[in-house]
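Visitor: Coordinates in structure.cif, mmCIF, C-alpha atoms, are listed below.
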```
data_input
loop_
_atom_site.label_atom_id
_atom_site.label_comp_id
_atom_site.auth_asym_id
_atom_site.auth_seq_id
_atom_site.Cartn_x
_atom_site.Cartn_y
_atom_site.Cartn_z
CA MET A 1 -23.15 -0.48 5.52
CA LEU A 2 -19.75 -0.65 3.77
CA LYS A 3 -17.62 2.49 3.74
CA ALA A 4 -16.13 2.89 0.26
CA VAL A 5 -13.47 5.05 -1.38
CA LEU A 6 -13.24 5.57 -5.15
CA VAL A 7 -9.95 6.37 -6.92
CA ASP A 8 -9.70 7.20 -10.64
CA ASP A 9 -7.69 9.90 -12.38
CA GLU A 10 -10.56 10.53 -14.83
CA PRO A 11 -13.32 12.65 -13.20
CA LEU A 12 -16.03 11.40 -15.58
CA SER A 13 -15.27 7.77 -14.74
CA LEU A 14 -15.25 8.65 -11.06
CA ASP A 15 -18.66 10.31 -11.31
CA ALA A 16 -20.08 7.37 -13.27
CA LEU A 17 -18.91 4.89 -10.63
CA GLU A 18 -20.29 7.05 -7.83
CA PHE A 19 -23.66 7.29 -9.61
CA ALA A 20 -23.82 3.51 -10.05
CA LEU A 21 -22.83 2.75 -6.44
CA ASP A 22 -25.32 5.26 -5.03
CA LYS A 23 -28.04 2.79 -6.05
CA HIS A 24 -26.71 0.26 -3.53
CA ASP A 25 -27.96 0.89 -0.01
CA GLU A 26 -25.16 -1.31 1.35
CA ILE A 27 -22.49 1.16 0.17
CA GLU A 28 -21.60 4.51 1.73
CA ILE A 29 -19.11 6.49 -0.34
CA ILE A 30 -16.88 8.38 2.10
CA GLY A 31 -14.44 9.77 -0.45
CA LYS A 32 -13.58 9.96 -4.14
CA TYR A 33 -10.23 11.05 -5.49
CA THR A 34 -8.51 11.73 -8.80
CA ASP A 35 -5.14 11.88 -6.99
CA PRO A 36 -4.02 8.46 -5.70
CA LEU A 37 -1.56 10.03 -3.24
CA GLU A 38 -4.31 12.09 -1.61
CA ALA A 39 -6.49 8.98 -1.60
CA LEU A 40 -3.89 6.91 0.28
CA VAL A 41 -3.53 9.52 3.02
CA ASN A 42 -7.29 9.55 3.57
CA ILE A 43 -7.65 5.77 3.31
CA LYS A 44 -5.11 5.46 6.11
CA LYS A 45 -7.16 7.88 8.24
CA ARG A 46 -10.68 6.66 7.47
CA LYS A 47 -10.09 2.89 7.05
CA PRO A 48 -12.77 2.00 4.47
CA GLU A 49 -13.92 -1.58 4.00
CA LEU A 50 -13.95 -1.20 0.22
CA VAL A 51 -11.74 0.63 -2.30
CA PHE A 52 -12.36 0.88 -6.03
CA LEU A 53 -9.06 1.53 -7.86
CA ASP A 54 -8.29 2.41 -11.45
CA ILE A 55 -5.11 0.64 -12.59
CA GLU A 56 -3.58 2.99 -15.16
CA MET A 57 -2.94 6.29 -13.36
CA PRO A 58 -0.08 8.68 -14.18
CA GLU A 59 1.57 9.24 -10.78
CA LEU A 60 0.93 5.98 -8.94
CA ASP A 61 -0.71 3.01 -10.65
CA GLY A 62 -3.47 0.95 -9.07
CA PHE A 63 -1.27 -2.02 -8.23
CA SER A 64 1.21 0.19 -6.35
CA ALA A 65 -1.65 1.97 -4.55
CA ALA A 66 -3.13 -1.40 -3.62
CA GLU A 67 0.21 -2.52 -2.19
CA GLU A 68 0.31 0.56 0.03
CA ILE A 69 -3.23 -0.17 1.25
CA ILE A 70 -2.31 -3.78 2.00
CA ASN A 71 0.79 -2.68 3.91
CA MET A 72 -1.39 -0.45 6.10
CA GLY A 73 -2.77 -3.65 7.62
CA LEU A 74 -6.36 -2.71 6.88
CA ASP A 75 -9.12 -5.25 6.34
CA THR A 76 -9.96 -3.61 3.04
CA HIS A 77 -11.43 -5.24 -0.05
CA ILE A 78 -9.93 -3.89 -3.27
CA VAL A 79 -11.76 -3.79 -6.59
CA PHE A 80 -9.82 -2.89 -9.72
CA ALA A 81 -11.93 -0.87 -12.17
CA THR A 82 -10.33 -0.13 -15.53
CA VAL A 83 -10.78 -0.12 -19.29
CA PHE A 84 -7.75 -2.39 -19.74
CA GLN A 85 -8.93 -5.96 -20.17
CA GLN A 86 -5.44 -7.49 -20.23
CA TYR A 87 -5.41 -7.59 -16.41
CA ALA A 88 -8.70 -9.47 -16.17
CA LEU A 89 -7.38 -13.03 -16.43
CA LYS A 90 -5.07 -12.59 -13.45
CA ALA A 91 -7.79 -10.83 -11.47
CA PHE A 92 -10.18 -13.75 -11.97
CA GLU A 93 -7.70 -16.01 -10.16
CA ILE A 94 -8.64 -14.40 -6.83
CA ASN A 95 -11.93 -13.74 -5.07
CA ALA A 96 -11.57 -10.82 -2.68
CA ALA A 97 -10.01 -8.41 -5.20
CA ASP A 98 -12.59 -8.24 -7.93
CA TYR A 99 -12.08 -6.74 -11.34
CA ILE A 100 -14.60 -4.81 -13.42
CA VAL A 101 -14.04 -3.57 -16.96
CA LYS A 102 -15.29 -0.08 -17.79
CA PRO A 103 -17.88 0.65 -18.97
CA PHE A 104 -19.46 -1.84 -16.56
CA THR A 105 -23.09 -2.86 -16.29
CA GLU A 106 -25.26 -2.51 -13.19
CA THR A 107 -25.57 -6.30 -13.11
CA ARG A 108 -21.80 -6.73 -13.00
CA LEU A 109 -21.42 -4.10 -10.29
CA LYS A 110 -24.16 -5.72 -8.22
CA LEU A 111 -22.36 -9.07 -8.51
CA THR A 112 -19.19 -7.44 -7.19
CA VAL A 113 -20.95 -5.79 -4.24
CA ASN A 114 -22.77 -9.02 -3.31
CA ARG A 115 -19.54 -11.02 -3.50
CA ILE A 116 -17.75 -8.65 -1.14
CA ILE A 117 -20.65 -8.57 1.33
CA LYS A 118 -20.68 -12.38 1.32
CA ASN A 119 -16.93 -12.48 2.01
CA ILE A 120 -17.26 -10.03 4.89
CA GLN A 121 -20.23 -11.83 6.43
CA SER A 122 -18.44 -15.16 6.23
CA ARG A 123 -15.22 -13.56 7.50
CA SER A 124 -13.48 -14.96 4.47
CA SER A 125 -9.68 -14.98 4.55
CA ASP A 126 -9.55 -14.26 0.82
CA VAL A 127 -8.27 -10.74 1.51
CA ALA A 128 -4.86 -12.37 1.95
CA SER A 129 -4.95 -13.45 -1.69
CA VAL A 130 -5.11 -9.79 -2.70
CA ASN A 131 -1.68 -9.41 -1.15
CA THR A 132 -0.28 -12.28 -3.22
CA PHE A 133 -1.93 -11.04 -6.40
CA VAL A 134 -0.65 -7.49 -6.10
CA LYS A 135 2.88 -8.45 -5.11
CA ASN A 136 3.13 -11.01 -7.92
CA ASN A 137 2.19 -8.29 -10.41
CA LEU A 138 4.56 -5.76 -8.89
CA SER A 139 7.55 -8.10 -8.75
CA SER A 140 7.76 -8.32 -12.55
CA ARG A 141 7.24 -4.61 -13.18
CA SER A 142 9.94 -2.01 -13.64
CA ILE A 143 9.45 1.00 -11.37
CA ASN A 144 10.95 4.47 -11.52
CA LYS A 145 9.48 5.87 -8.31
CA VAL A 146 9.13 4.59 -4.76
CA ALA A 147 6.13 5.52 -2.60
CA VAL A 148 7.27 6.67 0.86
CA TRP A 149 5.71 8.42 3.84
CA LYS A 150 6.68 11.70 5.51
CA GLU A 151 4.60 12.12 8.66
CA ASN A 152 1.01 11.88 7.32
CA SER A 153 1.80 12.57 3.67
CA ILE A 154 2.88 10.22 0.92
CA VAL A 155 5.72 11.17 -1.45
CA LEU A 156 6.93 9.62 -4.71
CA LEU A 157 10.73 9.49 -4.81
CA ASP A 158 12.83 8.86 -7.91
CA TYR A 159 14.86 5.79 -7.00
CA GLU A 160 18.08 7.62 -7.94
CA ARG A 161 17.54 9.97 -4.99
CA ILE A 162 17.60 7.12 -2.47
CA MET A 163 20.99 6.41 -0.92
CA TYR A 164 19.98 3.45 1.23
CA PHE A 165 17.25 1.85 3.32
CA THR A 166 17.54 0.69 6.93
CA MET A 167 15.35 -1.60 8.99
CA ASP A 168 14.92 -1.31 12.75
CA GLY A 169 12.44 -3.89 13.97
CA LYS A 170 9.52 -3.53 11.56
CA ARG A 171 10.29 0.08 10.74
CA VAL A 172 11.94 0.77 7.37
CA THR A 173 13.60 4.17 6.91
CA VAL A 174 14.46 5.65 3.51
CA HIS A 175 17.63 7.75 3.53
CA THR A 176 18.23 10.49 0.96
CA LYS A 177 20.55 13.49 0.78
CA ASP A 178 17.55 15.71 1.45
CA GLY A 179 16.17 13.87 4.49
CA ASN A 180 14.60 10.66 5.69
CA TYR A 181 11.24 9.04 4.99
CA GLU A 182 9.42 5.88 6.04
CA SER A 183 8.36 2.97 3.84
CA SER A 184 5.46 0.64 4.44
CA SER A 185 7.26 -2.12 2.51
CA THR A 186 9.72 -4.59 4.01
CA LEU A 187 13.37 -4.61 2.98
CA ALA A 188 12.79 -7.90 1.15
CA GLU A 189 9.97 -6.35 -0.88
CA LEU A 190 12.07 -3.29 -1.71
CA GLU A 191 15.01 -5.48 -2.65
CA GLU A 192 12.82 -7.41 -5.10
CA LYS A 193 11.48 -4.21 -6.68
CA LEU A 194 14.85 -2.45 -6.94
CA ILE A 195 17.26 -5.29 -7.67
CA ASN A 196 17.52 -4.21 -11.32
CA LYS A 197 18.01 -0.57 -10.35
CA GLY A 198 21.44 -0.99 -8.77
CA PHE A 199 20.33 -1.67 -5.18
CA PHE A 200 22.14 -4.31 -3.13
CA ARG A 201 21.20 -6.02 0.14
CA CYS A 202 24.48 -5.74 2.06
CA HIS A 203 23.14 -6.65 5.51
CA LYS A 204 19.90 -7.93 7.00
CA GLY A 205 19.19 -4.36 8.09
CA TYR A 206 20.49 -2.45 5.04
CA LEU A 207 19.65 -2.09 1.34
CA ILE A 208 22.04 0.26 -0.47
CA ASN A 209 22.11 2.08 -3.79
CA THR A 210 25.47 1.01 -5.25
CA ASP A 211 25.76 4.28 -7.18
CA TYR A 212 26.49 5.96 -3.84
CA ILE A 213 29.37 3.67 -2.83
CA ALA A 214 32.58 5.74 -2.66
CA LYS A 215 34.92 3.33 -0.88
CA ILE A 216 34.93 -0.30 0.32
CA ILE A 217 36.85 -0.71 3.58
CA PRO A 218 37.96 -4.21 4.73
CA TRP A 219 36.72 -4.87 8.28
CA PHE A 220 36.82 -7.62 10.88
CA ASN A 221 36.08 -11.32 10.16
CA SER A 222 35.84 -10.97 6.37
CA THR A 223 33.29 -8.16 6.55
CA TYR A 224 33.39 -4.69 5.01
CA MET A 225 32.28 -1.13 5.66
CA LEU A 226 30.97 1.01 2.80
CA LYS A 227 31.82 4.71 2.71
CA LEU A 228 29.16 6.68 0.86
CA LYS A 229 29.45 9.63 -1.48
CA GLU A 230 28.19 12.94 -0.11
CA SER A 231 27.68 11.40 3.35
CA THR A 232 29.58 10.66 6.54
CA GLU A 233 27.68 7.41 7.01
CA GLN A 234 29.40 4.02 6.83
CA ILE A 235 27.26 1.01 5.97
CA PRO A 236 28.17 -2.51 7.19
CA VAL A 237 28.46 -5.50 4.88
CA SER A 238 27.91 -8.78 6.73
CA ARG A 239 29.91 -11.94 5.98
CA TYR A 240 26.88 -13.51 4.33
CA TYR A 241 26.61 -10.69 1.78
CA ALA A 242 30.37 -9.98 1.41
CA LYS A 243 30.88 -12.69 -1.22
CA LYS A 244 27.91 -11.43 -3.21
CA LEU A 245 29.29 -7.89 -3.06
CA LYS A 246 32.69 -9.01 -4.35
CA GLY A 247 30.99 -10.86 -7.18
CA LEU A 248 28.77 -7.90 -8.00
CA LEU A 249 31.67 -5.45 -8.14
CA SER A 250 34.23 -7.96 -9.52
CA ILE A 251 36.67 -7.50 -6.65
#
```
What would the structure in this file look like if it were written as structure tokens?
Guide:
Amino acid sequence: MLKAVLVDDEPLSLDALEFALDKHDEIEIIGKYTDPLEALVNIKKRKPELVFLDIEMPELDGFSAAEEIINMGLDTHIVFATVFQQYALKAFEINAADYIVKPFTETRLKLTVNRIIKNIQSRSSDVASVNTFVKNNLSSRSINKVAVWKENSIVLLDYERIMYFTMDGKRVTVHTKDGNYESSSTLAELEEKLINKGFFRCHKGYLINTDYIAKIIPWFNSTYMLKLKESTEQIPVSRYYAKKLKGLLSI
């Protein structure tokens, strides 16, 4: 039996999906949520095999929620369920992440369930294509908030609040004036999302918000140190990124 979680900000749609899935003995619904942030916390705890996600949600859209699920490292199949048909063509390009348009028929839902069961039974590697699909969609989208973790809770930060990111091994820390958080994304992924928001990769272990640069200090071997506003921290700029920094700031 597949453990499933349902996420949709509209309670009526959530109830309709639950009613339809209850007819499938292969599915056990272990949670349904109108709040995607609450859903992510519980998905991380309960590790479902299947998640149905609405795409257009006010706080955190379905693509961003799917990215967080993927970054958890779970073997979870994601199904996008939405009234917006414009996403369908891209969704059809992959197998593991199915796409159903609301209102959906029982026949269409049964096809989705059977496809996922087949993939699981055959140990299909198509789940990896979900990752590519989601990240390709996210890379071209403008974002105003960044999903981060504080202990076992997820928080949406306005990108203007973030001073810089650091990476230590595989751990990415988000630094703000109010405290630190953790991100499930890599620095490369964050750089791609935030490149048009004034963030600059100054070192392999640092991604900085240029709005917080107070002073650029020449350092050894053509490198620099960055003094930040409202902070005692100094951020290194490696030789590789020094030329890019000078070009960015016209110095």
Visitor: What's the 7 Å shell around range 75-81 of chain A, counting all atoms listed in the file, without same-chain residues fewer than 6 positions away, as a CSV table (one decimal) with C-alpha atoms, in the coordinates of the input?
Guide:
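And here's around28.csv as it stands now:
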```csv
chain,number,residue,atom,x,y,z
A,48,PRO,CA,-12.8,2.0,4.5
A,49,GLU,CA,-13.9,-1.6,4.0
A,50,LEU,CA,-14.0,-1.2,0.2
A,51,VAL,CA,-11.7,0.6,-2.3
A,52,PHE,CA,-12.4,0.9,-6.0
A,53,LEU,CA,-9.1,1.5,-7.9
A,54,ASP,CA,-8.3,2.4,-11.4
A,55,ILE,CA,-5.1,0.6,-12.6
A,96,ALA,CA,-11.6,-10.8,-2.7
A,97,ALA,CA,-10.0,-8.4,-5.2
A,98,ASP,CA,-12.6,-8.2,-7.9
A,99,TYR,CA,-12.1,-6.7,-11.3
A,100,ILE,CA,-14.6,-4.8,-13.4
A,101,VAL,CA,-14.0,-3.6,-17.0
A,102,LYS,CA,-15.3,-0.1,-17.8
A,127,VAL,CA,-8.3,-10.7,1.5
```
Visitor: Report as a PyMOL selection string the residues that result from applying the PyMOL selection byres ((chain A and resi 45-47) around 10) to the structure here.
Guide: chain A and resi 3-5+30-31+39-44+48-51+69+72-76+152
Visitor: In Å to one decimal, how far is CA of Val172 in chain A from CA of Arg201 in chain A?
Guide: 13.6 Å
Visitor: Neighbouring residues of Arg171 in chain A were defined as those with any atom within 8 Å, considering only C-alpha atoms; residues of the same chain fewer than 3 positions away were excluded. Please report them as a VMD selection string.
Guide: chain A and resid 167 to 168 182 to 184
Visitor: Find the distance between CA of Ile213 in chain A and CA of Lys227 in chain A and write it in Å to one decimal.
Guide: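 Interatomic distance, CA of Ile213 in chain A to CA of Lys227 in chain A: 6.1 Å.
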Visitor: Please list as a ChimeraX atom specification every residue within 8 Å of range 12-19 of chain A, counting all atoms listed in the file and excluding residues in the same chain fewer than 3 positions away.
Guide: /A:6-9,22-23,29,32-34
Visitor: Measuring between only C-alpha atoms, which one of A:Gly205, A:His24, A:Lys170, A:Glu38 shows the shortest distance to Leu111 in chain A?
Guide: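 Comparing A:Gly205, A:His24, A:Lys170, A:Glu38 against Leu111 in chain A, the winner is A:His24.
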Visitor: Please, what distance in Å, to one decimal, runs between CA of Lys246 in chain A and CA of Glu189 in chain A?
Guide: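 Separation between CA of Lys246 in chain A and CA of Glu189 in chain A: 23.1 Å.
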Visitor: From the options A:Ser64, A:Lys145, A:Phe165, A:Glu191, which residue's atoms come nearest to Ile208 in chain A, counting only C-alpha atoms?
Guide: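 Of the candidates, the smallest distance to Ile208 in chain A is held by A:Phe165.
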Visitor: Rank nothing, just name the residue among A:Met163, A:Leu248, A:Leu2, A:Leu21 nearest to Tyr206 in chain A, using only C-alpha atoms.
Guide: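 So, comparing all the options, the nearest one is A:Met163.
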Visitor: Applying the PyMOL selection byres ((chain A and resi 157) around 7) to the file I just gave you, which residues come out? Please list them as a VMD selection string.
Guide: chain A and resid 145 to 147 155 to 156 158 to 159 161
Visitor: Tell me, as a list in words, which residues lie within 8 Å of His203 in chain A, counting all atoms listed in the file; anything in the same chain fewer than 4 positions away does not count.
Guide: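 Here the qualifying residues turn out to be Leu207, Pro236, Val237, Ser238, Tyr240 and Tyr241 of chain A.
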Visitor: Can you take the partial range 40-51 of chain A, add all heavy atoms, and return it as an mmCIF file, in the coordinates of the input?
Guide:
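Written file, selection.cif:
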```cif
data_model
loop_
_atom_site.group_PDB
_atom_site.id
_atom_site.type_symbol
_atom_site.label_atom_id
_atom_site.label_comp_id
_atom_site.auth_asym_id
_atom_site.auth_seq_id
_atom_site.Cartn_x
_atom_site.Cartn_y
_atom_site.Cartn_z
ATOM 1 N N LEU A 40 -4.571 7.784 -0.687
ATOM 2 C CA LEU A 40 -3.890 6.910 0.280
ATOM 3 C C LEU A 40 -3.846 7.532 1.666
ATOM 4 O O LEU A 40 -4.042 6.839 2.675
ATOM 5 C CB LEU A 40 -2.483 6.584 -0.211
ATOM 6 C CG LEU A 40 -2.383 5.607 -1.375
ATOM 7 C CD1 LEU A 40 -0.957 5.524 -1.885
ATOM 8 C CD2 LEU A 40 -2.890 4.225 -0.967
ATOM 9 N N VAL A 41 -3.575 8.829 1.726
ATOM 10 C CA VAL A 41 -3.530 9.520 3.020
ATOM 11 C C VAL A 41 -4.877 9.405 3.724
ATOM 12 O O VAL A 41 -4.962 9.130 4.928
ATOM 13 C CB VAL A 41 -3.130 10.997 2.837
ATOM 14 C CG1 VAL A 41 -3.306 11.767 4.143
ATOM 15 C CG2 VAL A 41 -1.684 11.098 2.360
ATOM 16 N N ASN A 42 -5.956 9.593 2.972
ATOM 17 C CA ASN A 42 -7.290 9.550 3.570
ATOM 18 C C ASN A 42 -7.769 8.126 3.839
ATOM 19 O O ASN A 42 -8.516 7.895 4.798
ATOM 20 C CB ASN A 42 -8.283 10.289 2.667
ATOM 21 C CG ASN A 42 -8.137 11.799 2.773
ATOM 22 O OD1 ASN A 42 -8.618 12.423 3.714
ATOM 23 N ND2 ASN A 42 -7.431 12.395 1.818
ATOM 24 N N ILE A 43 -7.338 7.173 3.035
ATOM 25 C CA ILE A 43 -7.650 5.770 3.310
ATOM 26 C C ILE A 43 -7.022 5.341 4.630
ATOM 27 O O ILE A 43 -7.631 4.640 5.435
ATOM 28 C CB ILE A 43 -7.173 4.871 2.147
ATOM 29 C CG1 ILE A 43 -8.080 5.065 0.920
ATOM 30 C CG2 ILE A 43 -7.138 3.403 2.555
ATOM 31 C CD1 ILE A 43 -7.542 4.461 -0.352
ATOM 32 N N LYS A 44 -5.790 5.791 4.862
ATOM 33 C CA LYS A 44 -5.110 5.460 6.110
ATOM 34 C C LYS A 44 -5.863 6.034 7.310
ATOM 35 O O LYS A 44 -5.954 5.409 8.368
ATOM 36 C CB LYS A 44 -3.679 6.004 6.075
ATOM 37 C CG LYS A 44 -2.814 5.555 7.239
ATOM 38 C CD LYS A 44 -1.375 6.031 7.046
ATOM 39 C CE LYS A 44 -0.470 5.511 8.153
ATOM 40 N NZ LYS A 44 0.945 5.961 7.967
ATOM 41 N N LYS A 45 -6.434 7.238 7.154
ATOM 42 C CA LYS A 45 -7.160 7.880 8.240
ATOM 43 C C LYS A 45 -8.535 7.261 8.465
ATOM 44 O O LYS A 45 -8.959 7.012 9.595
ATOM 45 C CB LYS A 45 -7.329 9.377 7.951
ATOM 46 C CG LYS A 45 -6.055 10.197 8.024
ATOM 47 C CD LYS A 45 -6.347 11.650 7.673
ATOM 48 C CE LYS A 45 -5.089 12.504 7.704
ATOM 49 N NZ LYS A 45 -5.378 13.901 7.284
ATOM 50 N N ARG A 46 -9.259 6.990 7.370
ATOM 51 C CA ARG A 46 -10.680 6.660 7.470
ATOM 52 C C ARG A 46 -10.975 5.170 7.429
ATOM 53 O O ARG A 46 -12.059 4.737 7.754
ATOM 54 C CB ARG A 46 -11.451 7.383 6.369
ATOM 55 C CG ARG A 46 -11.189 8.905 6.371
ATOM 56 C CD ARG A 46 -12.218 9.674 5.607
ATOM 57 N NE ARG A 46 -13.526 9.608 6.260
ATOM 58 C CZ ARG A 46 -14.617 10.195 5.783
ATOM 59 N NH1 ARG A 46 -14.552 10.874 4.634
ATOM 60 N NH2 ARG A 46 -15.764 10.103 6.410
ATOM 61 N N LYS A 47 -9.995 4.356 6.986
ATOM 62 C CA LYS A 47 -10.090 2.890 7.050
ATOM 63 C C LYS A 47 -11.380 2.337 6.415
ATOM 64 O O LYS A 47 -12.194 1.686 7.078
ATOM 65 C CB LYS A 47 -9.976 2.417 8.503
ATOM 66 C CG LYS A 47 -8.678 2.824 9.193
ATOM 67 C CD LYS A 47 -8.653 2.409 10.643
ATOM 68 C CE LYS A 47 -7.322 2.696 11.295
ATOM 69 N NZ LYS A 47 -6.940 4.122 11.230
ATOM 70 N N PRO A 48 -11.574 2.542 5.126
ATOM 71 C CA PRO A 48 -12.770 2.000 4.470
ATOM 72 C C PRO A 48 -12.708 0.489 4.335
ATOM 73 O O PRO A 48 -11.620 -0.105 4.337
ATOM 74 C CB PRO A 48 -12.723 2.665 3.085
ATOM 75 C CG PRO A 48 -11.262 2.875 2.846
ATOM 76 C CD PRO A 48 -10.687 3.249 4.195
ATOM 77 N N GLU A 49 -13.875 -0.130 4.228
ATOM 78 C CA GLU A 49 -13.920 -1.580 4.000
ATOM 79 C C GLU A 49 -13.742 -1.936 2.521
ATOM 80 O O GLU A 49 -13.427 -3.067 2.180
ATOM 81 C CB GLU A 49 -15.262 -2.166 4.466
ATOM 82 C CG GLU A 49 -15.461 -2.202 5.965
ATOM 83 C CD GLU A 49 -16.154 -0.960 6.496
ATOM 84 O OE1 GLU A 49 -16.489 -0.066 5.687
ATOM 85 O OE2 GLU A 49 -16.358 -0.874 7.716
ATOM 86 N N LEU A 50 -13.933 -0.939 1.657
ATOM 87 C CA LEU A 50 -13.950 -1.200 0.220
ATOM 88 C C LEU A 50 -13.275 -0.043 -0.523
ATOM 89 O O LEU A 50 -13.547 1.120 -0.243
ATOM 90 C CB LEU A 50 -15.402 -1.355 -0.247
ATOM 91 C CG LEU A 50 -15.703 -1.603 -1.713
ATOM 92 C CD1 LEU A 50 -15.026 -2.883 -2.187
ATOM 93 C CD2 LEU A 50 -17.209 -1.703 -1.926
ATOM 94 N N VAL A 51 -12.389 -0.380 -1.464
ATOM 95 C CA VAL A 51 -11.740 0.630 -2.300
ATOM 96 C C VAL A 51 -11.837 0.199 -3.754
ATOM 97 O O VAL A 51 -11.451 -0.918 -4.103
ATOM 98 C CB VAL A 51 -10.262 0.838 -1.917
ATOM 99 C CG1 VAL A 51 -9.576 1.786 -2.902
ATOM 100 C CG2 VAL A 51 -10.134 1.386 -0.506
#
```
